[in-house]
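Text of run.cif (mmCIF, C-alpha atoms and all ligand atoms) as supplied:
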```cif
data_structure
#
loop_
_atom_site.label_atom_id
_atom_site.label_comp_id
_atom_site.auth_asym_id
_atom_site.auth_seq_id
_atom_site.Cartn_x
_atom_site.Cartn_y
_atom_site.Cartn_z
CA MET M 1 46.29 160.73 145.44
CA PHE M 2 44.14 159.55 148.35
CA PRO M 3 43.46 156.83 149.01
CA ARG M 4 45.69 154.92 146.62
CA ASP M 5 43.96 152.08 144.82
CA LYS M 6 46.54 149.51 145.80
CA LYS M 7 45.76 150.23 149.43
CA HIS M 8 42.37 148.62 149.09
CA GLU M 9 43.98 145.37 148.06
CA GLN M 10 46.38 145.56 150.97
CA THR M 11 43.80 146.34 153.60
CA ASN M 12 44.07 143.85 156.39
CA ASN M 13 41.57 145.16 158.79
CA PRO M 14 39.50 143.01 161.12
CA LEU M 15 36.59 145.39 160.73
CA GLY M 16 36.71 145.30 156.94
CA VAL M 17 36.83 148.22 154.54
CA ARG M 18 34.53 150.98 155.70
CA LYS M 19 32.92 153.47 153.41
CA GLU M 20 31.78 155.97 155.98
CA MET M 21 33.30 157.44 159.07
CA ASP M 22 32.41 155.73 162.33
CA ILE M 23 31.87 158.15 165.19
CA ILE M 24 31.84 156.57 168.62
CA VAL M 25 30.86 158.62 171.64
CA MET M 26 31.64 157.26 175.09
CA PRO M 27 30.25 158.89 178.25
CA THR M 28 33.63 159.73 179.77
CA ALA M 29 37.18 160.44 178.63
CA ALA M 30 38.42 157.37 180.50
CA GLU M 31 36.03 155.12 178.57
CA ALA M 32 36.96 156.76 175.26
CA GLU M 33 40.65 156.22 176.02
CA LEU M 34 40.09 152.59 176.98
CA LEU M 35 38.06 151.93 173.82
CA THR M 36 40.80 153.49 171.71
CA ALA M 37 43.39 151.26 173.38
CA ARG M 38 41.20 148.21 172.75
CA ILE M 39 40.84 149.04 169.05
CA ILE M 40 44.62 149.31 168.79
CA ALA M 41 45.24 146.09 170.74
CA ASP M 42 42.70 144.14 168.69
CA ALA M 43 44.24 145.39 165.45
CA ILE M 44 47.72 144.30 166.58
CA ASN M 45 46.41 140.92 167.69
CA ALA M 46 44.81 140.39 164.29
CA LYS M 47 48.02 141.22 162.42
CA PRO M 48 51.19 140.92 164.53
CA PHE M 49 53.52 142.66 162.03
CA TYR M 50 51.38 145.73 162.47
CA LYS M 51 52.55 149.10 161.23
CA LEU M 52 51.15 151.44 163.80
CA GLY M 53 51.11 155.20 163.43
CA LEU M 54 51.29 156.91 166.81
CA ALA M 55 50.49 160.35 168.20
CA THR M 56 51.50 162.42 171.20
CA GLY M 57 49.63 164.94 173.34
CA ARG M 58 47.80 164.82 176.66
CA THR M 59 44.89 163.00 175.02
CA MET M 60 47.05 159.96 174.36
CA GLU M 61 48.64 159.53 177.77
CA ASN M 62 45.94 157.26 179.19
CA VAL M 63 45.58 155.36 175.91
CA TYR M 64 49.23 154.37 176.28
CA ALA M 65 48.76 153.63 180.00
CA GLN M 66 45.96 151.23 179.05
CA LEU M 67 48.10 149.58 176.37
CA VAL M 68 50.91 149.13 178.88
CA LYS M 69 48.45 147.44 181.25
CA MET M 70 47.18 145.15 178.48
CA ASN M 71 50.72 144.29 177.46
CA LYS M 72 51.70 143.41 181.01
CA ALA M 73 48.56 141.28 181.32
CA GLY M 74 49.54 139.39 178.15
CA LYS M 75 46.60 140.78 176.19
CA VAL M 76 48.62 142.48 173.46
CA ASP M 77 52.05 141.68 172.07
CA PHE M 78 54.14 144.51 170.64
CA SER M 79 57.15 142.37 169.75
CA ARG M 80 56.60 142.57 166.01
CA VAL M 81 54.95 145.98 165.84
CA ILE M 82 56.64 148.68 163.78
CA SER M 83 55.66 152.19 164.81
CA PHE M 84 55.80 155.56 163.11
CA ASN M 85 55.10 158.72 165.05
CA LEU M 86 53.38 161.68 163.49
CA ASP M 87 55.71 164.47 164.42
CA GLU M 88 58.60 165.95 166.38
CA TYR M 89 59.69 169.45 167.32
CA VAL M 90 62.52 171.05 165.39
CA GLY M 91 64.98 173.16 167.36
CA LEU M 92 65.14 171.35 170.69
CA LYS M 93 68.59 171.07 172.27
CA GLY M 94 70.54 167.89 172.97
CA THR M 95 69.26 164.53 171.82
CA ALA M 96 65.77 163.24 171.14
CA GLU M 97 66.20 160.51 173.79
CA LYS M 98 67.32 162.87 176.54
CA ASN M 99 65.40 166.07 175.92
CA LYS M 100 62.25 165.80 178.04
CA ASP M 101 60.30 168.05 175.68
CA SER M 102 60.83 165.82 172.67
CA TYR M 103 58.12 163.57 171.32
CA ARG M 104 60.65 160.70 171.30
CA TYR M 105 61.00 161.19 175.04
CA PHE M 106 57.20 161.29 175.40
CA MET M 107 56.83 157.99 173.54
CA ASN M 108 59.59 156.25 175.48
CA TYR M 109 58.21 157.57 178.74
CA HIS M 110 54.54 156.70 178.16
CA LEU M 111 54.77 153.58 176.02
CA PHE M 112 57.95 152.17 174.55
CA ASN M 113 59.86 151.77 177.86
CA HIS M 114 57.04 149.69 179.31
CA VAL M 115 55.97 147.31 176.53
CA ASN M 116 57.78 144.57 174.64
CA ILE M 117 58.31 146.63 171.49
CA ASP M 118 61.75 146.50 169.88
CA LYS M 119 62.90 150.15 170.09
CA ARG M 120 64.71 149.69 166.77
CA ASN M 121 61.27 149.30 165.22
CA THR M 122 60.01 152.60 166.61
CA HIS M 123 60.30 155.66 164.38
CA VAL M 124 59.89 159.34 165.18
CA PRO M 125 60.64 162.04 162.58
CA ASN M 126 64.17 163.32 163.08
CA GLY M 127 63.54 166.89 164.12
CA PHE M 128 66.99 166.81 165.72
CA ALA M 129 68.79 166.57 162.35
CA PRO M 130 71.14 169.49 161.54
CA GLU M 131 69.40 172.36 159.78
CA ASP M 132 70.78 171.49 156.35
CA GLU M 133 69.74 167.85 156.69
CA LEU M 134 66.14 168.38 157.78
CA GLU M 135 64.70 168.12 154.30
CA ALA M 136 66.53 164.89 153.62
CA ALA M 137 65.45 163.53 157.01
CA ALA M 138 61.81 164.24 156.15
CA ALA M 139 62.14 162.49 152.79
CA ALA M 140 63.89 159.55 154.46
CA TYR M 141 60.98 159.22 156.90
CA GLU M 142 58.54 158.90 154.01
CA GLU M 143 60.77 156.22 152.49
CA GLU M 144 60.92 154.28 155.73
CA MET M 145 57.13 154.16 155.87
CA GLU M 146 56.93 153.09 152.28
CA ASP M 147 59.61 150.40 152.74
CA ALA M 148 57.62 149.05 155.68
CA GLY M 149 54.62 148.68 153.35
CA GLY M 150 52.71 151.70 154.62
CA VAL M 151 51.00 152.46 157.90
CA ASP M 152 48.14 150.08 158.78
CA MET M 153 46.47 152.40 161.24
CA GLN M 154 47.30 155.97 162.17
CA LEU M 155 46.31 157.19 165.60
CA LEU M 156 45.48 160.90 165.62
CA GLY M 157 44.66 163.60 168.11
CA ILE M 158 43.36 167.00 167.13
CA GLY M 159 44.81 170.35 168.05
CA ARG M 160 42.71 173.39 168.79
CA SER M 161 43.70 174.76 165.39
CA GLY M 162 42.21 171.63 163.84
CA HIS M 163 45.62 170.21 163.09
CA ILE M 164 46.40 166.53 162.78
CA GLY M 165 50.07 165.95 163.47
CA PHE M 166 51.38 169.47 163.14
CA ASN M 167 49.54 170.21 159.91
CA GLU M 168 48.49 173.74 160.66
CA PRO M 169 45.73 175.57 158.74
CA MET M 170 46.38 175.81 154.99
CA SER M 171 48.43 172.59 154.91
CA SER M 172 47.86 170.99 151.53
CA PHE M 173 45.87 167.77 151.63
CA SER M 174 48.61 166.25 149.51
CA SER M 175 51.41 167.38 151.84
CA ARG M 176 54.06 164.85 152.89
CA THR M 177 56.50 164.78 155.81
CA ARG M 178 58.19 168.17 156.07
CA VAL M 179 59.22 170.97 158.39
CA VAL M 180 56.44 173.42 159.27
CA THR M 181 56.19 176.63 161.27
CA LEU M 182 53.65 176.44 164.07
CA THR M 183 50.78 178.84 164.65
CA LYS M 184 50.02 181.10 167.60
CA THR M 185 47.08 178.85 168.56
CA THR M 186 49.41 175.86 168.78
CA PHE M 187 51.97 177.87 170.73
CA GLU M 188 49.27 178.81 173.24
CA GLN M 189 48.08 175.21 173.41
CA ASN M 190 51.43 173.46 173.80
CA SER M 191 53.80 175.95 175.47
CA PRO M 192 52.34 175.37 178.98
CA LEU M 193 53.74 171.83 178.68
CA PHE M 194 57.27 173.23 178.61
CA LYS M 195 59.10 174.08 181.82
CA LYS M 196 59.79 177.47 180.33
CA PRO M 197 57.00 178.15 177.82
CA GLU M 198 59.33 180.35 175.76
CA ASP M 199 61.47 177.25 175.14
CA MET M 200 58.81 175.76 172.88
CA PRO M 201 60.20 175.57 169.35
CA MET M 202 58.29 177.35 166.62
CA ARG M 203 58.92 174.62 164.07
CA ALA M 204 58.23 170.90 163.82
CA MET M 205 58.69 168.00 161.43
CA THR M 206 55.36 166.36 160.72
CA MET M 207 53.84 163.73 158.50
CA GLY M 208 51.75 165.55 155.92
CA VAL M 209 47.99 165.37 155.56
CA GLY M 210 48.60 163.26 152.45
CA THR M 211 50.86 160.96 154.46
CA CYS M 212 48.12 160.48 157.05
CA LEU M 213 45.51 159.83 154.37
CA ASP M 214 47.70 157.05 152.98
CA ALA M 215 47.32 155.05 156.20
CA LYS M 216 44.94 152.16 155.64
CA ARG M 217 42.91 153.17 158.63
CA LEU M 218 42.62 156.36 160.72
CA LEU M 219 41.73 156.43 164.40
CA LEU M 220 41.16 159.87 165.88
CA LEU M 221 40.59 160.42 169.59
CA ALA M 222 39.39 163.71 171.07
CA THR M 223 38.23 164.34 174.61
CA HIS M 224 37.02 167.21 176.81
CA LYS M 225 34.98 170.37 176.21
CA GLU M 226 37.85 172.42 174.81
CA LYS M 227 37.76 170.20 171.69
CA ALA M 228 33.98 170.35 171.13
CA ASN M 229 33.98 173.22 168.61
CA ILE M 230 36.88 172.00 166.54
CA VAL M 231 35.54 168.41 166.54
CA ALA M 232 32.19 169.62 165.19
CA ALA M 233 33.92 171.68 162.50
CA ALA M 234 36.20 168.77 161.57
CA LEU M 235 33.51 166.11 161.33
CA GLU M 236 30.40 167.97 160.20
CA GLY M 237 31.82 171.08 158.57
CA PRO M 238 32.92 171.53 154.97
CA VAL M 239 36.21 169.96 153.90
CA THR M 240 38.83 172.67 154.00
CA SER M 241 42.58 172.90 154.31
CA MET M 242 41.93 175.55 156.98
CA ILE M 243 41.11 172.58 159.23
CA SER M 244 43.42 169.67 158.45
CA ALA M 245 41.25 167.22 160.37
CA THR M 246 38.44 167.66 157.83
CA ALA M 247 40.62 165.50 155.58
CA LEU M 248 39.31 162.52 157.55
CA GLN M 249 36.09 162.94 155.60
CA LEU M 250 38.00 161.92 152.48
CA HIS M 251 39.27 158.65 153.96
CA ASP M 252 37.30 155.44 153.50
CA ASN M 253 38.20 153.87 156.81
CA ALA M 254 38.20 156.46 159.57
CA VAL M 255 37.06 155.89 163.13
CA VAL M 256 36.59 158.78 165.55
CA VAL M 257 36.32 158.15 169.29
CA LEU M 258 35.01 160.97 171.49
CA ASP M 259 33.86 161.51 175.01
CA ALA M 260 30.46 163.16 175.58
CA ASP M 261 32.09 166.57 176.16
CA ALA M 262 34.08 166.58 172.93
CA ALA M 263 30.96 165.39 171.08
CA SER M 264 28.67 167.97 172.65
CA LYS M 265 28.61 170.32 169.64
CA LEU M 266 27.90 167.60 167.06
CA LYS M 267 24.54 168.13 165.41
CA TYR M 268 23.94 164.47 164.60
CA ARG M 269 25.37 162.84 167.69
CA ASP M 270 22.18 160.85 168.35
CA GLU M 271 22.46 159.34 164.89
CA TYR M 272 26.07 158.33 165.44
CA ALA M 273 25.14 156.76 168.79
CA PHE M 274 22.30 154.84 167.18
CA GLN M 275 24.52 153.54 164.39
CA PHE M 276 27.28 152.53 166.76
CA ALA M 277 24.82 150.72 169.03
CA ASN M 278 23.38 148.73 166.14
CA ASP M 279 26.43 148.09 163.97
CA PRO M 280 27.41 144.41 164.24
CA LYS M 281 31.03 145.34 163.53
CA TRP M 282 31.13 147.15 166.84
CA ALA M 283 29.24 144.52 168.83
CA ALA M 284 32.27 143.51 170.87
CA TYR M 285 32.87 147.12 171.87
CA GLN M 286 29.43 147.89 173.27
CA PRO M 287 28.99 148.67 176.93
CA ALA M 288 27.35 145.67 178.69
CA ARG M 289 23.71 145.29 177.58
CA LYS M 290 20.93 144.17 179.82
CA SER M 291 18.27 143.27 177.27
CA SER M 292 18.38 142.02 173.69
CA GLY M 293 16.83 143.70 170.67
CA ARG M 294 17.47 147.01 169.03
CA LYS M 295 19.31 149.48 171.09
CA THR M 296 17.93 152.96 170.77
CA LYS M 297 19.90 154.66 173.44
CA ALA M 298 23.64 154.39 173.13
CA LYS M 299 25.75 155.81 175.88
C1 LIG M 301 50.12 168.37 169.46
C2 LIG M 301 50.43 167.24 168.50
C3 LIG M 301 49.18 166.68 167.89
C4 LIG M 301 48.14 166.46 168.96
C5 LIG M 301 47.73 167.77 169.55
C6 LIG M 301 46.67 167.65 170.63
O1 LIG M 301 50.19 169.60 168.86
N1 LIG M 301 51.33 167.61 167.47
O2 LIG M 301 49.49 165.49 167.20
O3 LIG M 301 47.03 165.83 168.40
O4 LIG M 301 48.88 168.36 170.11
O5 LIG M 301 47.23 167.67 171.89
P1 LIG M 301 46.49 167.37 173.23
O6 LIG M 301 46.18 165.90 173.18
O7 LIG M 301 47.49 167.69 174.28
O8 LIG M 301 45.27 168.19 173.26
#
```
Written as structure tokens, how would this file's structure read?
Ligand code: GLP
Amino acid sequence: MFPRDKKHEQTNNPLGVRKEMDIIVMPTAAEAELLTARIIADAINAKPFYKLGLATGRTMENVYAQLVKMNKAGKVDFSRVISFNLDEYVGLKGTAEKNKDSYRYFMNYHLFNHVNIDKRNTHVPNGFAPEDELEAAAAAYEEEMEDAGGVDMQLLGIGRSGHIGFNEPMSSFSSRTRVVTLTKTTFEQNSPLFKKPEDMPMRAMTMGVGTCLDAKRLLLLATHKEKANIVAAALEGPVTSMISATALQLHDNAVVVLDADAASKLKYRDEYAFQFANDPKWAAYQPARKSSGRKTKAK
């Protein structure tokens, strides 16, 4: 099931195949967002026909703003990137392009409209399909990813319920793209983003946990205090389908970027900082260093 053996052969990752999760803690959210954008840009630059899995949510807005800046400055080229978004609401009115609450609209607004990506190469699950075609649309989405050769790197946020994508508690770790019913926690988290909170749909189409685990690399970003408890449970707690994000512990190439607030409940955060500061694979991502030698205090 996860990860598939053939994936190892296909891995084309400038940082090599990792066997443990890398946890990177930056002092501020802005620095965590910038670092996340740099990891994405570097991955695209290393492999132009990059299959990039994308995420929505407030956490990602500045990551995309940074990528837009880099693209405009000629530092990253999206022209051959193929993207696959994690999820989309089911039950919104009108069209994905025009409905301001849709994740397609979010992606166009924050990223696709401002970079040189070919929109035909951008994919978002079709939560706007007619009711009796939703299942087929979910299956077709899986096929599209497979036809593209799989996702090279999946960007992830984390919801307060511990969800990745919209994989709410009790989602099977082998789940694939499908329609799910959202939880009360997610309603409380996301409905303030709607003009009329009661307009938030109660269903969504999301990649499954198994779909996410099939990506060759996972990159999760979480920022701010409100995520501290769920981040600690996801990274240091026992693996459980009650918290979909714990599935990252089963992946062999997962990177987690946090700001100090989101990392504040991690028991071993000093260890992660020490490892990050001394890992040659992350040398290019270190904050400027004044002296040489072992770094004992990572920011
Ligand atoms: C939504 C998305 C998730 C996202 C989460 C976090 O529910 N489906 O993919 O990770 O929200 O959102 P935010 O970044 O706004 O905290």
Once you count only C-alpha atoms and all ligand atoms, which residues end up within 6 Å of ligand LIG 301 (chain M), and could you hand them over as a ChimeraX atom specification? /M:55-59,156-159,164-166
Smallest atom-to-atom distance to Ile39 of chain M: which of M:Lys72, M:Gly127, M:Gln66, M:Gln275, using only C-alpha atoms? M:Gln66
Phe112 of chain M environment, 12 Å, only C-alpha atoms, sequence neighbours closer than 2 positions dropped, as a VMD selection string: chain M and resid 54 64 to 65 67 to 68 71 78 to 79 81 to 83 85 97 103 to 110 114 to 124
As an exercise, work out the distance from atom CA of Lys265 of chain M to atom CA of Leu250 of chain M in Å and give it to one decimal place. 21.3 Å
From the set M:Pro287, M:Gly208, M:Pro169, M:Pro201, which residue has the shortest atom-to-atom contact distance to Met242 of chain M, counting all atoms listed in the file? M:Pro169
Find the spatial neighbours of Tyr50 of chain M, counting only C-alpha atoms, within a cut-off of 8 Å - ignore same-chain residues fewer than 2 positions away - and output them as a PyMOL selection string. chain M and resi 43-44+47-48+52+80-82+152
Of M:Met153, M:Ala139, M:Ala262, M:Leu134, the one nearest to Ser175 of chain M when counting all atoms listed in the file is M:Ala139
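Our summary of the geometry notes that atom CA of Ala263 of chain M is positioned 17.2 Å from atom CA of Ile243 of chain M.
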Any idea what's packed within 12 Å of Tyr268 of chain M, counting only C-alpha atoms, ignoring anything in its chain fewer than 6 positions away? Could you give it as number ranges by chain? M: 23-25, 232, 235-237, 274-275
Straight-line distance linking atom CA of Val90 of chain M with atom CA of Met202 of chain M, stated in Å to one decimal: 7.7 Å
Step by step: start from the point (55.4, 157.2, 153.6) in the file's coordinates, keep every protein, DNA or RNA residue that has an atom no farther than 9 Å from it, count only C-alpha atoms, and write the set as a list in words.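 The residues near that point, listed by chain and number, are Ala139, Ala140, Tyr141, Glu142, Glu143, Glu144, Met145, Glu146, Asp147, Ala148, Gly149, Gly150, Val151, Arg176, Thr177, Met207, Thr211, Cys212, Asp214 and Ala215 of chain M.
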Write out as a CSV table (one decimal) with C-alpha atoms, in the frame of the given file the residues lying within 12 Å of Leu193 of chain M, counting only C-alpha atoms and excluding same-chain residues fewer than 3 positions away.
```csv
chain,number,residue,atom,x,y,z
M,57,GLY,CA,49.6,164.9,173.3
M,58,ARG,CA,47.8,164.8,176.7
M,100,LYS,CA,62.2,165.8,178.0
M,101,ASP,CA,60.3,168.0,175.7
M,102,SER,CA,60.8,165.8,172.7
M,103,TYR,CA,58.1,163.6,171.3
M,106,PHE,CA,57.2,161.3,175.4
M,186,THR,CA,49.4,175.9,168.8
M,187,PHE,CA,52.0,177.9,170.7
M,188,GLU,CA,49.3,178.8,173.2
M,189,GLN,CA,48.1,175.2,173.4
M,190,ASN,CA,51.4,173.5,173.8
M,196,LYS,CA,59.8,177.5,180.3
M,197,PRO,CA,57.0,178.2,177.8
M,198,GLU,CA,59.3,180.4,175.8
M,199,ASP,CA,61.5,177.2,175.1
M,200,MET,CA,58.8,175.8,172.9
M,201,PRO,CA,60.2,175.6,169.4
```
Can you list, as JSON, numbers by chain, every protein, DNA or RNA residue that comes within 7 Å of Leu219 of chain M when you count all atoms listed in the file, leaving out same-chain residues fewer than 2 positions away? {"M": [153, 154, 155, 156, 217, 221, 254, 255, 256]}
Nearest to Glu131 of chain M, restricted to only C-alpha atoms and choosing among M:Leu86, M:Leu218, M:Leu182, M:Met205, comes out as M:Met205
Smallest atom-to-atom distance to Gly162 of chain M: which of M:His224, M:Ser241, M:Lys184, M:Asn126, using all atoms listed in the file? M:Ser241
Axis-aligned box over every listed atom of segment 191-206 of chain M, padded by 8 Å per side: centre and edges in Å to one decimal, as JSON?
```
{"center_x": 56.9, "center_y": 173.4, "center_z": 171.3, "size_x": 25.1, "size_y": 30.0, "size_z": 37.1}
```
Can you fill out segment 236-269 of chain M with N, CA and C atoms and hand it back as an mmCIF file, in the coordinates of the input?
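So part_29.cif came out as:
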```cif
data_model
loop_
_atom_site.group_PDB
_atom_site.id
_atom_site.type_symbol
_atom_site.label_atom_id
_atom_site.label_comp_id
_atom_site.auth_asym_id
_atom_site.auth_seq_id
_atom_site.Cartn_x
_atom_site.Cartn_y
_atom_site.Cartn_z
ATOM 1 N N GLU M 236 31.664 167.623 160.860
ATOM 2 C CA GLU M 236 30.400 167.970 160.200
ATOM 3 C C GLU M 236 30.512 169.209 159.323
ATOM 4 N N GLY M 237 31.638 169.868 159.370
ATOM 5 C CA GLY M 237 31.820 171.080 158.570
ATOM 6 C C GLY M 237 32.316 170.737 157.175
ATOM 7 N N PRO M 238 32.412 171.772 156.327
ATOM 8 C CA PRO M 238 32.920 171.530 154.970
ATOM 9 C C PRO M 238 34.408 171.180 154.984
ATOM 10 N N VAL M 239 34.800 170.349 154.026
ATOM 11 C CA VAL M 239 36.210 169.960 153.900
ATOM 12 C C VAL M 239 37.015 171.190 153.489
ATOM 13 N N THR M 240 38.017 171.495 154.288
ATOM 14 C CA THR M 240 38.830 172.670 154.000
ATOM 15 C C THR M 240 40.231 172.501 154.549
ATOM 16 N N SER M 241 41.210 173.002 153.807
ATOM 17 C CA SER M 241 42.580 172.900 154.310
ATOM 18 C C SER M 241 42.813 173.872 155.459
ATOM 19 N N MET M 242 41.832 174.713 155.775
ATOM 20 C CA MET M 242 41.930 175.550 156.980
ATOM 21 C C MET M 242 41.826 174.700 158.234
ATOM 22 N N ILE M 243 41.231 173.517 158.084
ATOM 23 C CA ILE M 243 41.110 172.580 159.230
ATOM 24 C C ILE M 243 41.580 171.220 158.727
ATOM 25 N N SER M 244 42.838 170.900 159.018
ATOM 26 C CA SER M 244 43.420 169.670 158.450
ATOM 27 C C SER M 244 42.598 168.433 158.773
ATOM 28 N N ALA M 245 41.984 168.428 159.959
ATOM 29 C CA ALA M 245 41.250 167.220 160.370
ATOM 30 C C ALA M 245 40.026 166.955 159.497
ATOM 31 N N THR M 246 39.566 167.944 158.729
ATOM 32 C CA THR M 246 38.440 167.660 157.830
ATOM 33 C C THR M 246 38.843 166.668 156.758
ATOM 34 N N ALA M 247 40.138 166.471 156.571
ATOM 35 C CA ALA M 247 40.620 165.500 155.580
ATOM 36 C C ALA M 247 40.151 164.084 155.920
ATOM 37 N N LEU M 248 39.821 163.853 157.173
ATOM 38 C CA LEU M 248 39.310 162.520 157.550
ATOM 39 C C LEU M 248 38.055 162.162 156.746
ATOM 40 N N GLN M 249 37.314 163.189 156.362
ATOM 41 C CA GLN M 249 36.090 162.940 155.600
ATOM 42 C C GLN M 249 36.378 162.335 154.234
ATOM 43 N N LEU M 250 37.629 162.449 153.794
ATOM 44 C CA LEU M 250 38.000 161.920 152.480
ATOM 45 C C LEU M 250 38.525 160.481 152.570
ATOM 46 N N HIS M 251 38.700 159.996 153.776
ATOM 47 C CA HIS M 251 39.270 158.650 153.960
ATOM 48 C C HIS M 251 38.132 157.637 154.027
ATOM 49 N N ASP M 252 38.396 156.421 153.519
ATOM 50 C CA ASP M 252 37.300 155.440 153.500
ATOM 51 C C ASP M 252 37.285 154.522 154.713
ATOM 52 N N ASN M 253 38.171 154.768 155.654
ATOM 53 C CA ASN M 253 38.200 153.870 156.810
ATOM 54 C C ASN M 253 38.658 154.647 158.056
ATOM 55 N N ALA M 254 37.839 155.612 158.428
ATOM 56 C CA ALA M 254 38.200 156.460 159.570
ATOM 57 C C ALA M 254 37.251 156.207 160.733
ATOM 58 N N VAL M 255 37.836 156.072 161.908
ATOM 59 C CA VAL M 255 37.060 155.890 163.130
ATOM 60 C C VAL M 255 37.389 157.056 164.057
ATOM 61 N N VAL M 256 36.368 157.669 164.622
ATOM 62 C CA VAL M 256 36.590 158.780 165.550
ATOM 63 C C VAL M 256 35.988 158.397 166.904
ATOM 64 N N VAL M 257 36.794 158.467 167.940
ATOM 65 C CA VAL M 257 36.320 158.150 169.290
ATOM 66 C C VAL M 257 36.309 159.454 170.096
ATOM 67 N N LEU M 258 35.175 159.720 170.730
ATOM 68 C CA LEU M 258 35.010 160.970 171.490
ATOM 69 C C LEU M 258 34.438 160.676 172.866
ATOM 70 N N ASP M 259 34.645 161.590 173.783
ATOM 71 C CA ASP M 259 33.860 161.510 175.010
ATOM 72 C C ASP M 259 32.660 162.456 174.825
ATOM 73 N N ALA M 260 31.695 162.389 175.757
ATOM 74 C CA ALA M 260 30.460 163.160 175.580
ATOM 75 C C ALA M 260 30.758 164.668 175.471
ATOM 76 N N ASP M 261 31.768 165.144 176.212
ATOM 77 C CA ASP M 261 32.090 166.570 176.160
ATOM 78 C C ASP M 261 32.602 166.995 174.788
ATOM 79 N N ALA M 262 33.524 166.233 174.248
ATOM 80 C CA ALA M 262 34.080 166.580 172.930
ATOM 81 C C ALA M 262 33.026 166.458 171.837
ATOM 82 N N ALA M 263 32.011 165.605 172.081
ATOM 83 C CA ALA M 263 30.960 165.390 171.080
ATOM 84 C C ALA M 263 29.798 166.359 171.237
ATOM 85 N N SER M 264 29.869 167.210 172.277
ATOM 86 C CA SER M 264 28.670 167.970 172.650
ATOM 87 C C SER M 264 28.193 168.967 171.599
ATOM 88 N N LYS M 265 29.053 169.359 170.665
ATOM 89 C CA LYS M 265 28.610 170.320 169.640
ATOM 90 C C LYS M 265 28.252 169.631 168.323
ATOM 91 N N LEU M 266 28.250 168.303 168.293
ATOM 92 C CA LEU M 266 27.900 167.600 167.060
ATOM 93 C C LEU M 266 26.386 167.606 166.871
ATOM 94 N N LYS M 267 25.960 168.007 165.693
ATOM 95 C CA LYS M 267 24.540 168.130 165.410
ATOM 96 C C LYS M 267 23.870 166.750 165.375
ATOM 97 N N TYR M 268 24.568 165.776 164.830
ATOM 98 C CA TYR M 268 23.940 164.470 164.600
ATOM 99 C C TYR M 268 24.410 163.410 165.579
ATOM 100 N N ARG M 269 24.762 163.837 166.792
ATOM 101 C CA ARG M 269 25.370 162.840 167.690
ATOM 102 C C ARG M 269 24.429 161.705 168.049
#
```
